[in-house]
Amino acid sequence: MVRGSLRELKAELVDNAFAWHPLPPLSARRTSGLPASLRGPARWAPHAVVVFLCLLLLLVEASINSDPYGMVRGLFLVAPLMLALFRPIAAFWLSLAATCVGVLLVVPVWGAWPWSVQGGTAHLVVMLVVAARKPPRVAAHLWGVTAVVGVFLTVVGGNHPSLWMRDTVDFAVGTVAGMAIVSGAALGVLLLVRGWWQSQQRVEQQVEVVREERSRRTVLEERTTIARELHDVVAHHMSVVAIQAEAARYRVEDPPEELVAALGTIRENAVAALTELRRVLGVVRADMPSVPEAPQPTLADLDTLLDGVRAAGLGVRKTTTGAVRALPPGVELSAYRIVQEALSNTLRHAPGAPASVELSYVLSGLGLRVVNEAPDTAPQPSPGAGHGLLGMRERAAMLDGVLTVGPTGDGGWAVEAFLPVPIDPDGEEGVVPGGGGGADARAGDGTDTKELSGSGFPADRTEPAP
């Protein structure tokens, strides 16, 4: 055990005594609470403290005794302190050497033995600077070596022929004991504070890791949900392709063999793709036994959603702009989910605040805007972590759309999205009957090409939905 301790002592305090280990500046996290103009200089606060202490000790030592050696004694004190900024272990040995030189050569001048107040303070600061950057066991070695050197100097003073030194042996015993107690307490407090700080850093790192993992898992879950919902859309189209390919050859009298073979290949590929889609969906549903099997909603179901929101106590108004027409199922599903999530956030974060839902059918796509006014009372903190916003962004990005969220000027909140739709060369295909057909539909299409307002919606024509 003793040999092991000596080997550790040699490895830590002897083998790498002159290793270059500069005192690093404070991390940005430790200065994050300061004003921006002070963060840069504050990072060098430890270096400034050491330099200030050096100047203070030099001034005190030079002025406390009016003798020509004051400045020399001051240099004995500050040299190890300055060296501790770059080579901490070497600074510790230099501080001990300065103490021994002071005791053995100029004791009557120093006026205290083996440490004066200034000398003990300088050596203690050196030990603290070293211990702050080394493992905890190094602090124990520093304290032990310092105590051994103090006892050694006391023994040397007791056997010294000088009567002055023999008279001060009793004082030296008290000084060594006091230095051991003070340095031990200071090193202990330093290790406790450093251990607490390191544990806080580990907790923060773990929290950050958990937050990243939760965010990554939420993204995967949201994408899985989107894929599961779009499966029905894709499966429907593939089924139509398979049925049409099967029926096409019966609509042509005496079809060529090449056409029959091509239609058969189309049907086989459609059926195979549909089978693979179902297999993939089966894997997705494996961990979700309670997945509903109802048809996926479209914008035609939006009024039902708004009725449910009104029943929950949220006053909501829907406004439709442009010619209402049928959109690709994926666009309608994503638009419905974005409106649903935005209204859910309004219920959660702004209870009682009126909201409005705006749909803008333009020639190149669909614009959405869900805005709520400022709530009368501050809402309670929500345990959510922005996963709903993440899901809305995922849905918009999937369609190469854009989504923006942010506060409004009156204290409310706005969710704005634009979902692009490929332009039909015929221009009128897909217009919903009863939703603005005929002349009205053409007039509505005319508004689609006009300049949009700042929110991305036509500003010249608004038709409130029933």
# chains A, B, ... in the order shown; residues from 1 in each chain; ligands from 1
>>> residues_around(residues="range 72-87 of chain A", least_positions_apart="5", cutoff="6 Å", atoms="only C-alpha atoms", output="ChimeraX atom specification")
/A:18,20-23,54,58,61,94-95,98,126
>>> closest_residue(among="A:Val129, A:Val271, A:Leu368, A:Ala396", to="Gly330 in chain A", atoms="only C-alpha atoms")
A:Ala396
>>> closest_atom_pairs(of="range 50-154 of chain A", to="range 191-209 of chain A", cutoff="10 Å", atoms="only C-alpha atoms", output="JSON lines")
{"residue": "A:Leu128", "atom": "CA", "partner": "A:Leu191", "partner_atom": "CA", "distance": 9.5}
{"residue": "A:Ala131", "atom": "CA", "partner": "A:Leu191", "partner_atom": "CA", "distance": 8.0}
{"residue": "A:Ala132", "atom": "CA", "partner": "A:Arg194", "partner_atom": "CA", "distance": 7.5}
{"residue": "A:Arg133", "atom": "CA", "partner": "A:Arg194", "partner_atom": "CA", "distance": 9.8}
{"residue": "A:Pro135", "atom": "CA", "partner": "A:Leu191", "partner_atom": "CA", "distance": 9.3}
{"residue": "A:Pro136", "atom": "CA", "partner": "A:Leu191", "partner_atom": "CA", "distance": 6.8}
{"residue": "A:Ala139", "atom": "CA", "partner": "A:Leu191", "partner_atom": "CA", "distance": 8.4}
>>> closest_residue(among="A:Pro422, A:Gly264, A:Gly150, A:Gly367", to="Leu403 in chain A", atoms="only C-alpha atoms")
A:Gly367
>>> closest_residue(among="A:Thr121, A:Thr404, A:Pro24, A:Val60", to="Trp44 in chain A", atoms="only C-alpha atoms")
A:Pro24
>>> atom_distance(atom1="CA of Glu8 in chain A", atom2="CA of Arg137 in chain A")
8.9 Å
>>> select_by_dssp(residues="range 7-249 of chain A", states="helix (DSSP H, G or I)", output="PyMOL selection string")
chain A and resi 7-15+36-42+45-64+70-84+88-110+117-131+136-158+163-167+169-248
>>> atom_distance(atom1="CA of Ala397 in chain A", atom2="CA of Phe418 in chain A")
10.1 Å
>>> closest_residue(among="A:Val50, A:Ala374, A:Val405, A:Ile338", to="Ala353 in chain A", atoms="only C-alpha atoms")
A:Ala374
>>> select_by_dssp(residues="range 199-431 of chain A", states="strand (DSSP E or B)", output="PyMOL selection string")
chain A and resi 316-321+325+355-362+365-372+402-407+413-420+431
>>> write_last_selection(atoms="N, CA and C atoms", output="compact mmCIF listing (two decimals), in the first residue's frame")
# COMPACT_ATOMS: atom_id res chain seq x y z
N VAL A 316 -63.90 29.53 -32.55
CA VAL A 316 -63.07 29.45 -33.74
C VAL A 316 -63.91 29.79 -34.97
N ARG A 317 -63.32 30.52 -35.90
CA ARG A 317 -63.98 30.94 -37.12
C ARG A 317 -63.15 30.49 -38.31
N LYS A 318 -63.84 29.97 -39.34
CA LYS A 318 -63.14 29.50 -40.53
C LYS A 318 -63.43 30.44 -41.69
N THR A 319 -62.38 30.76 -42.43
CA THR A 319 -62.49 31.62 -43.60
C THR A 319 -61.84 30.91 -44.77
N THR A 320 -62.53 30.86 -45.89
CA THR A 320 -62.01 30.22 -47.09
C THR A 320 -61.84 31.25 -48.19
N THR A 321 -60.70 31.24 -48.84
CA THR A 321 -60.39 32.18 -49.91
C THR A 321 -60.04 31.40 -51.17
N ARG A 325 -61.32 23.35 -54.36
CA ARG A 325 -61.17 22.25 -55.32
C ARG A 325 -60.55 21.06 -54.61
N ALA A 355 -59.95 32.06 -31.89
CA ALA A 355 -59.01 31.64 -32.93
C ALA A 355 -59.70 31.71 -34.28
N SER A 356 -58.91 31.77 -35.31
CA SER A 356 -59.44 31.78 -36.68
C SER A 356 -58.61 30.85 -37.54
N VAL A 357 -59.28 30.17 -38.46
CA VAL A 357 -58.64 29.26 -39.40
C VAL A 357 -58.89 29.80 -40.80
N GLU A 358 -57.83 30.05 -41.53
CA GLU A 358 -57.94 30.58 -42.88
C GLU A 358 -57.37 29.57 -43.87
N LEU A 359 -58.17 29.25 -44.88
CA LEU A 359 -57.74 28.38 -45.97
C LEU A 359 -57.69 29.21 -47.24
N SER A 360 -56.58 29.14 -47.93
CA SER A 360 -56.42 29.92 -49.16
C SER A 360 -56.05 28.98 -50.30
N TYR A 361 -57.03 28.78 -51.23
CA TYR A 361 -56.79 27.96 -52.40
C TYR A 361 -56.21 28.84 -53.50
N VAL A 362 -54.94 28.65 -53.78
CA VAL A 362 -54.29 29.40 -54.85
C VAL A 362 -53.92 28.43 -55.96
N GLY A 365 -51.12 25.93 -54.95
CA GLY A 365 -51.16 25.14 -53.74
C GLY A 365 -52.22 25.61 -52.77
N LEU A 366 -52.00 25.29 -51.50
CA LEU A 366 -52.94 25.61 -50.43
C LEU A 366 -52.21 26.35 -49.33
N GLY A 367 -52.78 27.47 -48.92
CA GLY A 367 -52.23 28.21 -47.79
C GLY A 367 -53.08 28.01 -46.55
N LEU A 368 -52.44 27.89 -45.42
CA LEU A 368 -53.12 27.72 -44.12
C LEU A 368 -52.66 28.81 -43.17
N ARG A 369 -53.58 29.28 -42.37
CA ARG A 369 -53.20 30.23 -41.32
C ARG A 369 -54.14 30.03 -40.14
N VAL A 370 -53.57 29.66 -39.00
CA VAL A 370 -54.34 29.49 -37.76
C VAL A 370 -53.79 30.49 -36.76
N VAL A 371 -54.66 31.42 -36.33
CA VAL A 371 -54.24 32.50 -35.45
C VAL A 371 -55.14 32.52 -34.24
N ASN A 372 -54.54 32.68 -33.08
CA ASN A 372 -55.33 32.88 -31.86
C ASN A 372 -54.94 34.21 -31.23
N VAL A 402 -43.66 25.00 -46.72
CA VAL A 402 -43.00 25.78 -45.68
C VAL A 402 -44.00 26.01 -44.55
N LEU A 403 -43.48 26.12 -43.35
CA LEU A 403 -44.32 26.39 -42.18
C LEU A 403 -43.58 27.33 -41.26
N THR A 404 -44.25 28.35 -40.80
CA THR A 404 -43.68 29.30 -39.86
C THR A 404 -44.63 29.47 -38.69
N VAL A 405 -44.06 29.63 -37.52
CA VAL A 405 -44.84 29.86 -36.30
C VAL A 405 -44.20 31.02 -35.56
N GLY A 406 -45.00 31.74 -34.81
CA GLY A 406 -44.44 32.85 -34.03
C GLY A 406 -45.53 33.72 -33.47
N PRO A 407 -45.17 34.62 -32.56
CA PRO A 407 -46.16 35.51 -31.93
C PRO A 407 -46.64 36.58 -32.90
N TRP A 413 -50.77 34.20 -31.26
CA TRP A 413 -49.84 33.25 -31.87
C TRP A 413 -50.38 32.84 -33.23
N ALA A 414 -49.48 32.69 -34.19
CA ALA A 414 -49.90 32.37 -35.55
C ALA A 414 -49.10 31.19 -36.07
N VAL A 415 -49.80 30.29 -36.77
CA VAL A 415 -49.20 29.18 -37.49
C VAL A 415 -49.55 29.36 -38.96
N GLU A 416 -48.56 29.49 -39.80
CA GLU A 416 -48.77 29.73 -41.22
C GLU A 416 -48.04 28.66 -42.02
N ALA A 417 -48.71 28.13 -43.02
CA ALA A 417 -48.11 27.07 -43.85
C ALA A 417 -48.57 27.24 -45.28
N PHE A 418 -47.71 26.81 -46.17
CA PHE A 418 -48.08 26.75 -47.59
C PHE A 418 -47.66 25.38 -48.12
N LEU A 419 -48.63 24.66 -48.67
CA LEU A 419 -48.40 23.33 -49.20
C LEU A 419 -48.55 23.40 -50.72
N PRO A 420 -47.47 23.24 -51.46
CA PRO A 420 -47.56 23.36 -52.92
C PRO A 420 -48.27 22.16 -53.54
N VAL A 431 -62.03 20.72 -59.53
CA VAL A 431 -62.87 21.66 -58.79
C VAL A 431 -64.04 20.91 -58.18
>>> atom_distance(atom1="CA of Ala180 in chain A", atom2="CA of Leu96 in chain A")
14.1 Å
>>> closest_residue(among="A:Gly388, A:Pro375, A:Gly401, A:Pro328", to="Ser344 in chain A", atoms="only C-alpha atoms")
A:Gly388
>>> closest_residue(among="A:Val14, A:Ala248, A:Ile243, A:Val101", to="Leu142 in chain A", atoms="only C-alpha atoms")
A:Val14
